[in-house]
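**Q** Here you go, my_file.pdb (PDB, C-alpha atoms, pLDDT in the B column):
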MODEL        1
ATOM      1  CA  SER W   1      88.585  25.500  24.826  1.00 88.00           C
ATOM      2  CA  LEU W   2      87.293  29.054  25.148  1.00 95.00           C
ATOM      3  CA  ARG W   3      88.414  30.956  28.252  1.00 97.00           C
ATOM      4  CA  TRP W   4      87.692  34.631  27.389  1.00 98.00           C
ATOM      5  CA  LEU W   5      84.523  35.977  25.798  1.00 97.00           C
ATOM      6  CA  LYS W   6      83.595  39.599  25.150  1.00 98.00           C
ATOM      7  CA  MET W   7      80.149  40.562  23.863  1.00 97.00           C
ATOM      8  CA  ASN W   8      80.285  44.340  24.192  1.00 98.00           C
ATOM      9  CA  ASN W   9      78.003  46.782  22.388  1.00 97.00           C
ATOM     10  CA  ALA W  10      75.973  43.900  20.950  1.00 96.00           C
ATOM     11  CA  LYS W  11      72.523  45.296  21.846  1.00 95.00           C
ATOM     12  CA  LEU W  12      71.811  42.181  23.920  1.00 95.00           C
ATOM     13  CA  THR W  13      68.774  42.201  26.208  1.00 94.00           C
ATOM     14  CA  THR W  14      69.660  38.804  27.705  1.00 92.00           C
ATOM     15  CA  ILE W  15      72.741  36.630  27.872  1.00 93.00           C
ATOM     16  CA  PRO W  16      72.180  33.751  25.445  1.00 91.00           C
ATOM     17  CA  ASP W  17      71.556  30.373  27.114  1.00 89.00           C
ATOM     18  CA  GLU W  18      74.386  28.850  25.076  1.00 92.00           C
ATOM     19  CA  ILE W  19      76.891  30.888  27.098  1.00 93.00           C
ATOM     20  CA  GLY W  20      76.033  28.796  30.168  1.00 90.00           C
ATOM     21  CA  ARG W  21      77.279  25.709  28.351  1.00 92.00           C
ATOM     22  CA  LEU W  22      80.818  27.070  28.072  1.00 94.00           C
ATOM     23  CA  GLN W  23      82.225  25.011  30.929  1.00 93.00           C
ATOM     24  CA  THR W  24      85.823  26.268  30.613  1.00 96.00           C
ATOM     25  CA  LEU W  25      84.993  29.981  30.291  1.00 97.00           C
ATOM     26  CA  GLU W  26      86.873  32.032  32.889  1.00 97.00           C
ATOM     27  CA  HIS W  27      86.217  35.634  31.853  1.00 98.00           C
ATOM     28  CA  LEU W  28      82.930  36.986  30.523  1.00 97.00           C
ATOM     29  CA  THR W  29      82.414  40.619  29.539  1.00 98.00           C
ATOM     30  CA  VAL W  30      78.955  41.759  28.435  1.00 97.00           C
ATOM     31  CA  LYS W  31      79.259  45.516  28.871  1.00 98.00           C
ATOM     32  CA  LYS W  32      77.414  48.326  27.112  1.00 98.00           C
ATOM     33  CA  ASN W  33      74.346  46.296  26.197  1.00 97.00           C
ATOM     34  CA  ASN W  34      70.688  46.495  27.215  1.00 97.00           C
ATOM     35  CA  LEU W  35      70.636  43.699  29.793  1.00 96.00           C
ATOM     36  CA  GLU W  36      67.768  44.031  32.243  1.00 94.00           C
ATOM     37  CA  THR W  37      68.077  40.600  33.780  1.00 92.00           C
ATOM     38  CA  ILE W  38      70.602  37.819  34.222  1.00 90.00           C
ATOM     39  CA  SER W  39      69.379  34.292  33.723  1.00 82.00           C
ATOM     40  CA  SER W  40      70.574  31.527  35.991  1.00 80.00           C
ATOM     41  CA  ASN W  41      72.551  30.004  33.095  1.00 84.00           C
ATOM     42  CA  LEU W  42      75.611  31.767  34.510  1.00 85.00           C
ATOM     43  CA  THR W  43      75.424  29.478  37.532  1.00 83.00           C
ATOM     44  CA  GLN W  44      76.364  26.525  35.330  1.00 86.00           C
ATOM     45  CA  MET W  45      79.833  27.905  34.596  1.00 92.00           C
ATOM     46  CA  PRO W  46      82.186  26.351  37.165  1.00 92.00           C
ATOM     47  CA  CYS W  47      85.366  28.138  35.981  1.00 95.00           C
ATOM     48  CA  LEU W  48      83.960  31.681  35.729  1.00 96.00           C
ATOM     49  CA  ARG W  49      86.318  34.040  37.546  1.00 97.00           C
ATOM     50  CA  THR W  50      85.529  37.454  36.052  1.00 97.00           C
ATOM     51  CA  LEU W  51      82.064  38.763  35.242  1.00 96.00           C
ATOM     52  CA  ASN W  52      81.841  42.271  33.774  1.00 98.00           C
ATOM     53  CA  LEU W  53      78.284  43.545  33.304  1.00 97.00           C
ATOM     54  CA  ARG W  54      78.912  47.299  33.431  1.00 98.00           C
ATOM     55  CA  TYR W  55      76.819  49.787  31.466  1.00 98.00           C
ATOM     56  CA  ASN W  56      73.581  47.805  31.297  1.00 98.00           C
ATOM     57  CA  ASN W  57      70.086  48.217  32.760  1.00 97.00           C
ATOM     58  CA  LEU W  58      70.314  45.668  35.570  1.00 96.00           C
ATOM     59  CA  SER W  59      68.342  46.060  38.792  1.00 94.00           C
ATOM     60  CA  HIS W  60      69.004  44.077  41.958  1.00 91.00           C
ATOM     61  CA  GLU W  61      65.701  42.188  41.640  1.00 91.00           C
ATOM     62  CA  ASN W  62      66.791  40.708  38.318  1.00 92.00           C
ATOM     63  CA  ILE W  63      70.077  39.191  39.452  1.00 92.00           C
ATOM     64  CA  PRO W  64      69.489  35.625  40.698  1.00 89.00           C
ATOM     65  CA  THR W  65      71.216  34.803  43.984  1.00 89.00           C
ATOM     66  CA  GLN W  66      72.564  31.573  42.450  1.00 89.00           C
ATOM     67  CA  VAL W  67      75.047  33.671  40.458  1.00 88.00           C
ATOM     68  CA  PHE W  68      76.930  34.221  43.718  1.00 90.00           C
ATOM     69  CA  ASP W  69      77.247  30.489  44.473  1.00 89.00           C
ATOM     70  CA  ASN W  70      80.215  30.267  42.102  1.00 89.00           C
ATOM     71  CA  GLU W  71      83.289  29.572  44.220  1.00 90.00           C
ATOM     72  CA  GLU W  72      85.695  30.739  41.490  1.00 94.00           C
ATOM     73  CA  LEU W  73      84.237  34.239  40.984  1.00 95.00           C
ATOM     74  CA  THR W  74      86.872  36.786  42.032  1.00 97.00           C
ATOM     75  CA  THR W  75      85.880  39.897  40.047  1.00 97.00           C
ATOM     76  CA  LEU W  76      82.378  41.282  39.577  1.00 96.00           C
ATOM     77  CA  ASP W  77      81.652  44.596  37.867  1.00 98.00           C
ATOM     78  CA  LEU W  78      78.054  45.795  38.066  1.00 97.00           C
ATOM     79  CA  SER W  79      78.856  49.492  37.748  1.00 98.00           C
ATOM     80  CA  HIS W  80      76.734  51.855  35.655  1.00 98.00           C
ATOM     81  CA  ASN W  81      73.494  49.903  36.063  1.00 98.00           C
ATOM     82  CA  LYS W  82      70.214  50.599  37.860  1.00 97.00           C
ATOM     83  CA  LEU W  83      70.913  48.919  41.189  1.00 96.00           C
ATOM     84  CA  LYS W  84      69.102  50.439  44.156  1.00 94.00           C
ATOM     85  CA  GLN W  85      70.584  48.007  46.642  1.00 93.00           C
ATOM     86  CA  VAL W  86      73.391  45.495  46.855  1.00 92.00           C
ATOM     87  CA  PRO W  87      72.240  42.291  45.123  1.00 89.00           C
ATOM     88  CA  GLU W  88      70.908  39.663  47.508  1.00 86.00           C
ATOM     89  CA  GLY W  89      73.242  36.728  47.951  1.00 87.00           C
ATOM     90  CA  LEU W  90      76.403  38.699  47.275  1.00 88.00           C
ATOM     91  CA  LEU W  91      77.750  37.806  50.711  1.00 85.00           C
ATOM     92  CA  LYS W  92      77.793  34.134  49.641  1.00 87.00           C
ATOM     93  CA  CYS W  93      80.552  34.955  47.147  1.00 89.00           C
ATOM     94  CA  LYS W  94      83.501  33.951  49.353  1.00 89.00           C
ATOM     95  CA  SER W  95      86.266  34.280  46.730  1.00 93.00           C
ATOM     96  CA  LEU W  96      85.299  37.764  45.561  1.00 95.00           C
ATOM     97  CA  LEU W  97      88.306  40.107  45.566  1.00 96.00           C
ATOM     98  CA  VAL W  98      87.062  42.952  43.347  1.00 97.00           C
ATOM     99  CA  LEU W  99      83.519  44.331  43.431  1.00 95.00           C
ATOM    100  CA  ASN W 100      82.514  47.445  41.507  1.00 97.00           C
ATOM    101  CA  LEU W 101      79.033  48.836  42.228  1.00 96.00           C
ATOM    102  CA  SER W 102      79.827  52.459  41.374  1.00 97.00           C
ATOM    103  CA  HIS W 103      77.481  54.686  39.358  1.00 98.00           C
ATOM    104  CA  ASN W 104      74.278  53.027  40.545  1.00 97.00           C
ATOM    105  CA  GLN W 105      71.531  54.397  42.779  1.00 95.00           C
ATOM    106  CA  ILE W 106      72.307  52.230  45.806  1.00 94.00           C
ATOM    107  CA  GLU W 107      70.279  53.357  48.803  1.00 89.00           C
ATOM    108  CA  MET W 108      70.783  50.378  51.108  1.00 78.00           C
ATOM    109  CA  VAL W 109      73.805  48.277  52.006  1.00 78.00           C
ATOM    110  CA  PRO W 110      73.240  45.056  53.983  1.00 72.00           C
ATOM    111  CA  SER W 111      74.846  44.896  57.404  1.00 69.00           C
TER     112      SER W 111
ENDMDL
END
Once you've parsed the file, please lay out its structure as structure tokens.
**A**
Amino acid sequence: SLRWLKMNNAKLTTIPDEIGRLQTLEHLTVKKNNLETISSNLTQMPCLRTLNLRYNNLSHENIPTQVFDNEELTTLDLSHNKLKQVPEGLLKCKSLLVLNLSHNQIEMVPS
């Protein structure tokens, strides 16, 4: 069963729906692509612990809050994107140990 998946430099604009069916996947890296949005298919991955989405074109409006419902998620890298604020729902991510939001245009941090 697949636990690590890297799809770097693949010119992806979305994460394929089939990825959400990988129930045992623990680490997903989709860096240096052209992602502008994240579909809610990532919410169907109960074992996902690491999500690396650096160097894409993501904005906070296009990250569904359900992504942060995952109780296993410990590492989230959204650096080098187009975030203007911290994604809504991030505070729901109780197991998060590492969060990288550097190299964005964040103007507002929730209290």
**Q** Which is closest to Leu58 (chain W) among W:Asp77, W:Glu72, W:Glu36, W:Asp17, if we use all atoms listed in the file?
**A**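 Under the stated criterion, the closest residue is W:Glu36.
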**Q** Determine the nearest neighbour of Ala10 (chain W) from the options W:Leu25, W:Leu73, W:Val30, W:Val98, counting all atoms listed in the file.
**A**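 Ranking W:Leu25, W:Leu73, W:Val30, W:Val98 by distance to Ala10 (chain W), first place goes to W:Val30.
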**Q** So which one's closest to Met45 (chain W), W:Arg21, W:Leu28, W:His60, W:Leu96? Using all atoms listed in the file, please.
**A**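 Smallest separation from Met45 (chain W) among the options: W:Arg21.
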**Q** Leaving out Val109 (chain W) and any residue of its chain fewer than 3 positions from it, which residues lie within 9 Å of it when counting only C-alpha atoms, given as a list in words?
**A**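 Answer for this query is Gln85, Val86 and Ile106 of chain W.
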**Q** So which residues get picked by the PyMOL selection byres ((chain W and resi 76) around 10) here, written as a ChimeraX atom specification?
**A** /W:49-54,68,73-75,77-79,96-101
**Q** Could you state which residues are captured by the PyMOL selection byres ((chain W and resi 22-24) around 8) in this file, as a list in words?
**A**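 With the PyMOL selection byres ((chain W and resi 22-24) around 8) on this model, the match is Ser1, Leu2, Arg3, Glu18, Ile19, Gly20, Arg21, Leu25, Glu26, Gln44, Met45, Pro46, Cys47 and Leu48 of chain W.
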**Q** Decode the PyMOL selection byres ((chain W and resi 65) around 10) for the given file into explicit residues and return them as an mmCIF file with C-alpha atoms, in the frame of the given file.
**A**
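Wrote it out as part.cif, contents follow:
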data_model
loop_
_atom_site.group_PDB
_atom_site.id
_atom_site.type_symbol
_atom_site.label_atom_id
_atom_site.label_comp_id
_atom_site.auth_asym_id
_atom_site.auth_seq_id
_atom_site.Cartn_x
_atom_site.Cartn_y
_atom_site.Cartn_z
ATOM 1 C CA SER W 40 70.574 31.527 35.991
ATOM 2 C CA THR W 43 75.424 29.478 37.532
ATOM 3 C CA HIS W 60 69.004 44.077 41.958
ATOM 4 C CA GLU W 61 65.701 42.188 41.640
ATOM 5 C CA ASN W 62 66.791 40.708 38.318
ATOM 6 C CA ILE W 63 70.077 39.191 39.452
ATOM 7 C CA PRO W 64 69.489 35.625 40.698
ATOM 8 C CA GLN W 66 72.564 31.573 42.450
ATOM 9 C CA VAL W 67 75.047 33.671 40.458
ATOM 10 C CA PHE W 68 76.930 34.221 43.718
ATOM 11 C CA ASP W 69 77.247 30.489 44.473
ATOM 12 C CA PRO W 87 72.240 42.291 45.123
ATOM 13 C CA GLU W 88 70.908 39.663 47.508
ATOM 14 C CA GLY W 89 73.242 36.728 47.951
ATOM 15 C CA LEU W 90 76.403 38.699 47.275
ATOM 16 C CA LEU W 91 77.750 37.806 50.711
ATOM 17 C CA LYS W 92 77.793 34.134 49.641
ATOM 18 C CA CYS W 93 80.552 34.955 47.147
#
**Q** Between CA of Pro110 (chain W) and CA of Leu83 (chain W), measure the distance and give it in Å to one decimal.
**A**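 Those two atoms sit 13.6 Å apart.
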**Q** Let me make sure I understand: among W:Lys31, W:His80, W:Lys6, W:Lys11, which one has the smallest atom-to-atom distance to Asn104 (chain W) if we use only C-alpha atoms?
**A**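 Of all the options, W:His80 lies closest to Asn104 (chain W).
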**Q** Tell me which of W:Ser102, W:Asn56, W:Asn81, W:Asn41 sits closest to Thr13 (chain W), counting all atoms listed in the file.
**A**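 That would be W:Asn56, the residue with the smallest distance to Thr13 (chain W).
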**Q** Quick check, in Å to one decimal: how far apart do CA of Ser39 (chain W) and CA of Ser59 (chain W) lie?
**A**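 Answer for the CA of Ser39 (chain W) to CA of Ser59 (chain W) separation: 12.9 Å.
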**Q** So how many Å separate CA of Tyr55 (chain W) and CA of Lys94 (chain W), to one decimal?
**A**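 CA of Tyr55 (chain W) sits 24.8 Å away from CA of Lys94 (chain W).
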**Q** Which one of W:Thr14, W:Gln105, W:Ser95, W:Asn8 sits closest to Leu35 (chain W) if you count all atoms listed in the file?
**A**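 Of all the options, W:Thr14 lies closest to Leu35 (chain W).
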**Q** For region 30-45 of chain W of the block above, can you save all heavy atoms as a PDB file, in the first residue's frame?
**A**
ATOM      1  N   VAL W  30       3.187  17.912  -3.592  1.00  0.00           N
ATOM      2  CA  VAL W  30       2.767  18.395  -4.910  1.00  0.00           C
ATOM      3  C   VAL W  30       3.339  19.801  -5.073  1.00  0.00           C
ATOM      4  O   VAL W  30       2.616  20.767  -5.241  1.00  0.00           O
ATOM      5  CB  VAL W  30       1.223  18.394  -5.047  1.00  0.00           C
ATOM      6  CG1 VAL W  30       0.819  18.596  -6.495  1.00  0.00           C
ATOM      7  CG2 VAL W  30       0.616  17.098  -4.536  1.00  0.00           C
ATOM      8  N   LYS W  31       4.666  19.902  -4.999  1.00  0.00           N
ATOM      9  CA  LYS W  31       5.296  21.219  -5.068  1.00  0.00           C
ATOM     10  C   LYS W  31       5.735  21.545  -6.491  1.00  0.00           C
ATOM     11  O   LYS W  31       5.899  20.668  -7.329  1.00  0.00           O
ATOM     12  CB  LYS W  31       6.450  21.329  -4.084  1.00  0.00           C
ATOM     13  CG  LYS W  31       7.615  20.436  -4.343  1.00  0.00           C
ATOM     14  CD  LYS W  31       8.666  20.616  -3.254  1.00  0.00           C
ATOM     15  CE  LYS W  31       9.864  19.741  -3.540  1.00  0.00           C
ATOM     16  NZ  LYS W  31      10.883  19.856  -2.502  1.00  0.00           N
ATOM     17  N   LYS W  32       5.900  22.849  -6.713  1.00  0.00           N
ATOM     18  CA  LYS W  32       6.344  23.383  -8.003  1.00  0.00           C
ATOM     19  C   LYS W  32       5.426  22.951  -9.146  1.00  0.00           C
ATOM     20  O   LYS W  32       5.862  22.391 -10.141  1.00  0.00           O
ATOM     21  CB  LYS W  32       7.792  22.987  -8.274  1.00  0.00           C
ATOM     22  CG  LYS W  32       8.764  23.622  -7.301  1.00  0.00           C
ATOM     23  CD  LYS W  32      10.192  23.344  -7.660  1.00  0.00           C
ATOM     24  CE  LYS W  32      11.116  24.030  -6.668  1.00  0.00           C
ATOM     25  NZ  LYS W  32      12.524  23.748  -6.929  1.00  0.00           N
ATOM     26  N   ASN W  33       4.138  23.200  -8.954  1.00  0.00           N
ATOM     27  CA  ASN W  33       3.141  22.967  -9.987  1.00  0.00           C
ATOM     28  C   ASN W  33       2.401  24.277 -10.234  1.00  0.00           C
ATOM     29  O   ASN W  33       2.899  25.337  -9.871  1.00  0.00           O
ATOM     30  CB  ASN W  33       2.178  21.856  -9.546  1.00  0.00           C
ATOM     31  CG  ASN W  33       2.787  20.475  -9.735  1.00  0.00           C
ATOM     32  OD1 ASN W  33       2.878  19.980 -10.845  1.00  0.00           O
ATOM     33  ND2 ASN W  33       3.221  19.868  -8.647  1.00  0.00           N
ATOM     34  N   ASN W  34       1.220  24.194 -10.801  1.00  0.00           N
ATOM     35  CA  ASN W  34       0.408  25.381 -11.064  1.00  0.00           C
ATOM     36  C   ASN W  34      -0.931  25.292 -10.354  1.00  0.00           C
ATOM     37  O   ASN W  34      -1.942  25.764 -10.874  1.00  0.00           O
ATOM     38  CB  ASN W  34       0.195  25.542 -12.579  1.00  0.00           C
ATOM     39  CG  ASN W  34       1.507  25.755 -13.310  1.00  0.00           C
ATOM     40  OD1 ASN W  34       2.317  26.574 -12.901  1.00  0.00           O
ATOM     41  ND2 ASN W  34       1.713  25.010 -14.364  1.00  0.00           N
ATOM     42  N   LEU W  35      -0.954  24.694  -9.167  1.00  0.00           N
ATOM     43  CA  LEU W  35      -2.201  24.538  -8.427  1.00  0.00           C
ATOM     44  C   LEU W  35      -2.761  25.899  -8.043  1.00  0.00           C
ATOM     45  O   LEU W  35      -2.056  26.733  -7.477  1.00  0.00           O
ATOM     46  CB  LEU W  35      -1.990  23.726  -7.150  1.00  0.00           C
ATOM     47  CG  LEU W  35      -1.517  22.283  -7.282  1.00  0.00           C
ATOM     48  CD1 LEU W  35      -1.358  21.673  -5.901  1.00  0.00           C
ATOM     49  CD2 LEU W  35      -2.478  21.470  -8.119  1.00  0.00           C
ATOM     50  N   GLU W  36      -4.024  26.108  -8.347  1.00  0.00           N
ATOM     51  CA  GLU W  36      -4.713  27.327  -7.922  1.00  0.00           C
ATOM     52  C   GLU W  36      -5.776  27.017  -6.890  1.00  0.00           C
ATOM     53  O   GLU W  36      -6.251  27.905  -6.193  1.00  0.00           O
ATOM     54  CB  GLU W  36      -5.333  28.027  -9.129  1.00  0.00           C
ATOM     55  CG  GLU W  36      -4.288  28.582 -10.076  1.00  0.00           C
ATOM     56  CD  GLU W  36      -4.875  29.353 -11.236  1.00  0.00           C
ATOM     57  OE1 GLU W  36      -6.115  29.508 -11.305  1.00  0.00           O
ATOM     58  OE2 GLU W  36      -4.092  29.801 -12.088  1.00  0.00           O
ATOM     59  N   THR W  37      -6.147  25.766  -6.804  1.00  0.00           N
ATOM     60  CA  THR W  37      -7.177  25.356  -5.855  1.00  0.00           C
ATOM     61  C   THR W  37      -6.889  23.940  -5.372  1.00  0.00           C
ATOM     62  O   THR W  37      -6.179  23.186  -6.028  1.00  0.00           O
ATOM     63  CB  THR W  37      -8.577  25.436  -6.503  1.00  0.00           C
ATOM     64  OG1 THR W  37      -9.563  25.139  -5.520  1.00  0.00           O
ATOM     65  CG2 THR W  37      -8.711  24.473  -7.660  1.00  0.00           C
ATOM     66  N   ILE W  38      -7.426  23.624  -4.215  1.00  0.00           N
ATOM     67  CA  ILE W  38      -7.344  22.270  -3.675  1.00  0.00           C
ATOM     68  C   ILE W  38      -8.766  21.750  -3.594  1.00  0.00           C
ATOM     69  O   ILE W  38      -9.626  22.383  -2.987  1.00  0.00           O
ATOM     70  CB  ILE W  38      -6.727  22.253  -2.265  1.00  0.00           C
ATOM     71  CG1 ILE W  38      -5.334  22.843  -2.285  1.00  0.00           C
ATOM     72  CG2 ILE W  38      -6.703  20.847  -1.713  1.00  0.00           C
ATOM     73  CD1 ILE W  38      -4.745  22.976  -0.912  1.00  0.00           C
ATOM     74  N   SER W  39      -9.008  20.611  -4.177  1.00  0.00           N
ATOM     75  CA  SER W  39     -10.349  20.037  -4.086  1.00  0.00           C
ATOM     76  C   SER W  39     -10.497  19.331  -2.746  1.00  0.00           C
ATOM     77  O   SER W  39      -9.518  19.005  -2.081  1.00  0.00           O
ATOM     78  CB  SER W  39     -10.621  19.078  -5.247  1.00  0.00           C
ATOM     79  OG  SER W  39      -9.769  17.968  -5.158  1.00  0.00           O
ATOM     80  N   SER W  40     -11.720  19.085  -2.367  1.00  0.00           N
ATOM     81  CA  SER W  40     -11.974  18.462  -1.069  1.00  0.00           C
ATOM     82  C   SER W  40     -11.634  16.978  -1.066  1.00  0.00           C
ATOM     83  O   SER W  40     -11.824  16.315  -0.055  1.00  0.00           O
ATOM     84  CB  SER W  40     -13.422  18.693  -0.647  1.00  0.00           C
ATOM     85  OG  SER W  40     -14.288  18.172  -1.636  1.00  0.00           O
ATOM     86  N   ASN W  41     -11.098  16.441  -2.180  1.00  0.00           N
ATOM     87  CA  ASN W  41     -10.731  15.025  -2.193  1.00  0.00           C
ATOM     88  C   ASN W  41      -9.636  14.708  -1.168  1.00  0.00           C
ATOM     89  O   ASN W  41      -9.511  13.576  -0.726  1.00  0.00           O
ATOM     90  CB  ASN W  41     -10.325  14.549  -3.596  1.00  0.00           C
ATOM     91  CG  ASN W  41      -9.116  15.265  -4.160  1.00  0.00           C
ATOM     92  OD1 ASN W  41      -8.547  16.156  -3.545  1.00  0.00           O
ATOM     93  ND2 ASN W  41      -8.730  14.883  -5.355  1.00  0.00           N
ATOM     94  N   LEU W  42      -8.877  15.708  -0.760  1.00  0.00           N
ATOM     95  CA  LEU W  42      -7.853  15.480   0.254  1.00  0.00           C
ATOM     96  C   LEU W  42      -8.450  15.192   1.620  1.00  0.00           C
ATOM     97  O   LEU W  42      -7.779  14.658   2.492  1.00  0.00           O
ATOM     98  CB  LEU W  42      -6.918  16.694   0.355  1.00  0.00           C
ATOM     99  CG  LEU W  42      -6.032  16.975  -0.851  1.00  0.00           C
ATOM    100  CD1 LEU W  42      -5.152  18.176  -0.577  1.00  0.00           C
ATOM    101  CD2 LEU W  42      -5.192  15.777  -1.223  1.00  0.00           C
ATOM    102  N   THR W  43      -9.706  15.530   1.810  1.00  0.00           N
ATOM    103  CA  THR W  43     -10.357  15.283   3.100  1.00  0.00           C
ATOM    104  C   THR W  43     -10.719  13.820   3.273  1.00  0.00           C
ATOM    105  O   THR W  43     -11.084  13.402   4.361  1.00  0.00           O
ATOM    106  CB  THR W  43     -11.627  16.139   3.245  1.00  0.00           C
ATOM    107  OG1 THR W  43     -12.564  15.720   2.253  1.00  0.00           O
ATOM    108  CG2 THR W  43     -11.337  17.606   3.072  1.00  0.00           C
ATOM    109  N   GLN W  44     -10.614  13.038   2.229  1.00  0.00           N
ATOM    110  CA  GLN W  44     -10.974  11.623   2.279  1.00  0.00           C
ATOM    111  C   GLN W  44      -9.764  10.737   2.532  1.00  0.00           C
ATOM    112  O   GLN W  44      -9.796   9.543   2.314  1.00  0.00           O
ATOM    113  CB  GLN W  44     -11.645  11.221   0.966  1.00  0.00           C
ATOM    114  CG  GLN W  44     -12.877  12.036   0.665  1.00  0.00           C
ATOM    115  CD  GLN W  44     -13.254  11.975  -0.810  1.00  0.00           C
ATOM    116  OE1 GLN W  44     -12.681  11.227  -1.576  1.00  0.00           O
ATOM    117  NE2 GLN W  44     -14.225  12.778  -1.182  1.00  0.00           N
ATOM    118  N   MET W  45      -8.681  11.331   2.997  1.00  0.00           N
ATOM    119  CA  MET W  45      -7.430  10.599   3.210  1.00  0.00           C
ATOM    120  C   MET W  45      -7.127  10.542   4.705  1.00  0.00           C
ATOM    121  O   MET W  45      -6.457  11.423   5.241  1.00  0.00           O
ATOM    122  CB  MET W  45      -6.300  11.282   2.439  1.00  0.00           C
ATOM    123  CG  MET W  45      -6.605  11.406   0.958  1.00  0.00           C
ATOM    124  SD  MET W  45      -5.426  12.417   0.080  1.00  0.00           S
ATOM    125  CE  MET W  45      -4.031  11.314   0.036  1.00  0.00           C
TER     126      MET W  45
END
